[in-house]
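Asker: Quick one: this structure, given as structure tokens, is what I'll be asking you about.
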Amino acid sequence: MTNANTPVVPTALKDRLQSPNIVVAPGVYDALSASLAEQAGFDTVYLSGASLAYTKLGRPDIGLMSLTEVNDTLAHIRERSDISIVVDCDTGFGNALNVMRSVRLLERSGANAIQLEDQTYPKRCGHLRGKTLVSAGEMAGKIKAALDARLSDQTLIIGRTDAIASEGIDKALERAQAYYEAGADVIFVEGIRSSEQIDQAMGRFKDQVPVMANMVEGGDTPLQDAATLQSMGFSMVIFPGALVRAFTHMASQFFSTLKNDGTTDNFRDRMLDFKQLNDYLGTQRMLELGQQYEDRSR
């Protein structure tokens, strides 16, 4: 019998992707942003390589992040939260052997799904121009290597193709089919440009394998809400860089206000105060927990 102190075990991401309801995964880049998403009611987040590059490096998404930086961030999020985490693993950071190492590390650090793409390394954002691809056969081999490396089939492998920009929709769908046949648990055709291309993708993959959508404000794919994407047949949608774009807009206004006014007082209605932030972080609860283990003999 479940009591009030028994943690609620969330439904596995693999099972949720088989349900009629689309999984909505906002992009996050650290433990705080993931915990905020969880507090807002999301059961899944997307650890975005682009958002990590933007926030950790202050640089664009052009393949500058390392596996270690991604894995360290993932570990911090997992220590803070039980939410499902989809991890952007770029190209796997090298060949099939690099993919195997990446999958092992990320799975052990708490990834529920690991996304691999067919760009050459270093890669670049899926909505930037000038991408180059490895062969479909090489990418299929990477998918197989990832499947062999994972410890549990509950850890999903997402096969992404960036071929639309350079090879067109037909070649992109051929690549996606090859990745599906190699065993990918989820298919992601990046940079879809029209409803007609969505229909083509769904005509091939709907009811065969979960298909993921990517919503990038100002990117190649027209923005749609989750309900519309669900009606089209998508099983999951990510909003990878939206939070960084919102934060950057807000932070620019904050610094402008501080620079002009010499005080944060005029921004108070758009920020938490010291107590509110500590209440959210659970500071008092953590201090009380620590007190349980203090040496009381002195």
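Residues in the structure tokens are named by chain (A, B, ... in the order shown) and by number from 1 within that chain; ligands are numbered from 1 in the order shown.
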Show which residues sit within 7 Å of Ile85 of chain A, as a JSON list (two decimals) with N, CA and C atoms, in the first residue's frame. Count only C-alpha atoms, and ignore same-chain residues fewer than 4 positions away.

Answerer:
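Contents of out-v7.json, as written:
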```json
[["chain", "number", "residue", "atom", "x", "y", "z"],
["A", 44, "THR", "N", 9.30, 15.41, -18.69],
["A", 44, "THR", "CA", 10.47, 15.13, -19.52],
["A", 44, "THR", "C", 11.13, 16.45, -19.89],
["A", 45, "VAL", "N", 12.46, 16.46, -19.91],
["A", 45, "VAL", "CA", 13.21, 17.63, -20.38],
["A", 45, "VAL", "C", 14.22, 17.18, -21.42],
["A", 46, "TYR", "N", 14.69, 18.15, -22.18],
["A", 46, "TYR", "CA", 15.68, 17.89, -23.23],
["A", 46, "TYR", "C", 16.95, 18.64, -22.90],
["A", 47, "LEU", "N", 18.02, 17.91, -22.59],
["A", 47, "LEU", "CA", 19.31, 18.53, -22.32],
["A", 47, "LEU", "C", 19.94, 18.89, -23.65],
["A", 111, "ALA", "N", 20.68, 9.37, -18.17],
["A", 111, "ALA", "CA", 19.92, 9.65, -19.39],
["A", 111, "ALA", "C", 18.82, 8.62, -19.58],
["A", 112, "ASN", "N", 17.65, 9.08, -19.99],
["A", 112, "ASN", "CA", 16.55, 8.19, -20.36],
["A", 112, "ASN", "C", 16.47, 7.99, -21.86],
["A", 113, "ALA", "N", 17.02, 8.93, -22.61],
["A", 113, "ALA", "CA", 17.10, 8.81, -24.07],
["A", 113, "ALA", "C", 18.33, 9.57, -24.53]]
```

Asker: From a backbone DSSP assignment, name each residue in segment 99-293 of chain A labelled helix (DSSP H, G or I), as a PyMOL selection string.

Answerer: chain A and resi 99-108+136-149+164-167+169-182+195-205+226-232+242-261+265-270+274-281+283-291

Asker: If you run DSSP on this backbone, which residues of segment 42-290 of chain A come out as strand (DSSP E), and could you give them as an MDAnalysis selection string?

Answerer: chainID A and resid 44:47 84:88 113:117 156:161 186:189 211:214 236:239

Asker: The selected residues should be written to file as a tab-separated table (two decimals), in the first residue's frame (atoms: C-alpha atoms).

Answerer:
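Produced file result_29.tsv, reproduced below:
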```tsv
chain	number	residue	atom	x	y	z
A	44	THR	CA	10.47	15.13	-19.52
A	45	VAL	CA	13.21	17.63	-20.38
A	46	TYR	CA	15.68	17.89	-23.23
A	47	LEU	CA	19.31	18.53	-22.32
A	84	SER	CA	13.01	11.97	-17.61
A	85	ILE	CA	15.99	13.42	-19.48
A	86	VAL	CA	16.54	13.26	-23.22
A	87	VAL	CA	20.21	14.03	-23.89
A	88	ASP	CA	21.54	15.64	-27.05
A	113	ALA	CA	17.10	8.81	-24.07
A	114	ILE	CA	20.22	9.65	-26.08
A	115	GLN	CA	20.02	11.46	-29.41
A	116	LEU	CA	22.60	10.83	-32.14
A	117	GLU	CA	22.80	12.68	-35.47
A	156	LEU	CA	16.14	4.99	-25.78
A	157	ILE	CA	18.35	5.72	-28.78
A	158	ILE	CA	17.10	8.52	-31.02
A	159	GLY	CA	18.31	8.51	-34.63
A	160	ARG	CA	18.41	11.99	-36.14
A	161	THR	CA	19.06	12.94	-39.74
A	186	VAL	CA	12.79	7.11	-32.03
A	187	ILE	CA	13.24	8.85	-35.39
A	188	PHE	CA	14.01	12.58	-35.70
A	189	VAL	CA	14.01	14.24	-39.13
A	211	VAL	CA	8.75	10.42	-34.38
A	212	MET	CA	10.18	13.54	-32.72
A	213	ALA	CA	9.58	17.17	-33.71
A	214	ASN	CA	11.83	20.14	-33.01
A	236	MET	CA	7.46	13.93	-28.82
A	237	VAL	CA	8.29	17.58	-29.35
A	238	ILE	CA	11.30	19.44	-28.01
A	239	PHE	CA	11.73	23.19	-27.55
```

Asker: For each of A:Thr228, A:Thr91, A:Ser35, A:Asn98, take the minimum atom-to-atom distance to Asp118 of chain A, counting only C-alpha atoms, then give the residue where this is smallest.

Answerer: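 Closest to Asp118 of chain A of all the choices is A:Thr91.
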
Asker: Can you pull out the residues contacting Ala172 of chain A? Cut-off 9 Å, using only C-alpha atoms, and skip same-chain residues under 6 positions away; I want them as an MDAnalysis selection string.

Answerer: chainID A and resid 161:165 189:190

Asker: What's around Glu196 of chain A at 12 Å? Count only C-alpha atoms, leave out sequence neighbours fewer than 4 positions away in its own chain, and write the answer as an MDAnalysis selection string.

Answerer: chainID A and resid 169:170 192 200:203 221:222 232

Asker: Give one line per residue of segment 42-128 of chain A that approaches segment 146-154 of chain A to at most 8 Å, naming the two atoms of the closest pair and their distance in Å to one decimal, counting only C-alpha atoms; sort by chain then ascending residue number and deliver it as a Markdown table.

Answerer:
```
| residue | atom | partner | partner_atom | distance |
| --- | --- | --- | --- | --- |
| A:Ala96 | CA | A:Ala146 | CA | 7.8 |
| A:Val99 | CA | A:Ala146 | CA | 6.1 |
| A:Met100 | CA | A:Ala149 | CA | 5.2 |
| A:Arg101 | CA | A:Ala149 | CA | 7.6 |
| A:Val103 | CA | A:Ala146 | CA | 6.1 |
| A:Arg104 | CA | A:Arg150 | CA | 6.0 |
| A:Glu107 | CA | A:Arg150 | CA | 7.0 |
| A:Asn112 | CA | A:Gln154 | CA | 7.1 |
```

Asker: Distance atom CA of Val134 of chain A-atom CA of Asp185 of chain A, one decimal place?

Answerer: 20.3 Å

Asker: Which residues are close to Ile83 of chain A, i.e. within 12 Å by only C-alpha atoms, leaving aside same-chain residues fewer than 2 positions away? Reply as number ranges by chain.

Answerer: A: 8-13, 25-26, 28, 31, 33-47, 74, 77-81, 85-86, 110-113

Asker: Any idea what's packed within 12 Å of Ser19 of chain A, counting only C-alpha atoms, ignoring anything in its chain fewer than 3 positions away? Could you give it as a ChimeraX atom specification?

Answerer: /A:11-16,22-23,207,209-210,230,233-236

Asker: Please indicate the distance in Å from atom CA of Gln18 of chain A to atom CA of Lys206 of chain A, rounded to one decimal place.

Answerer: 11.4 Å
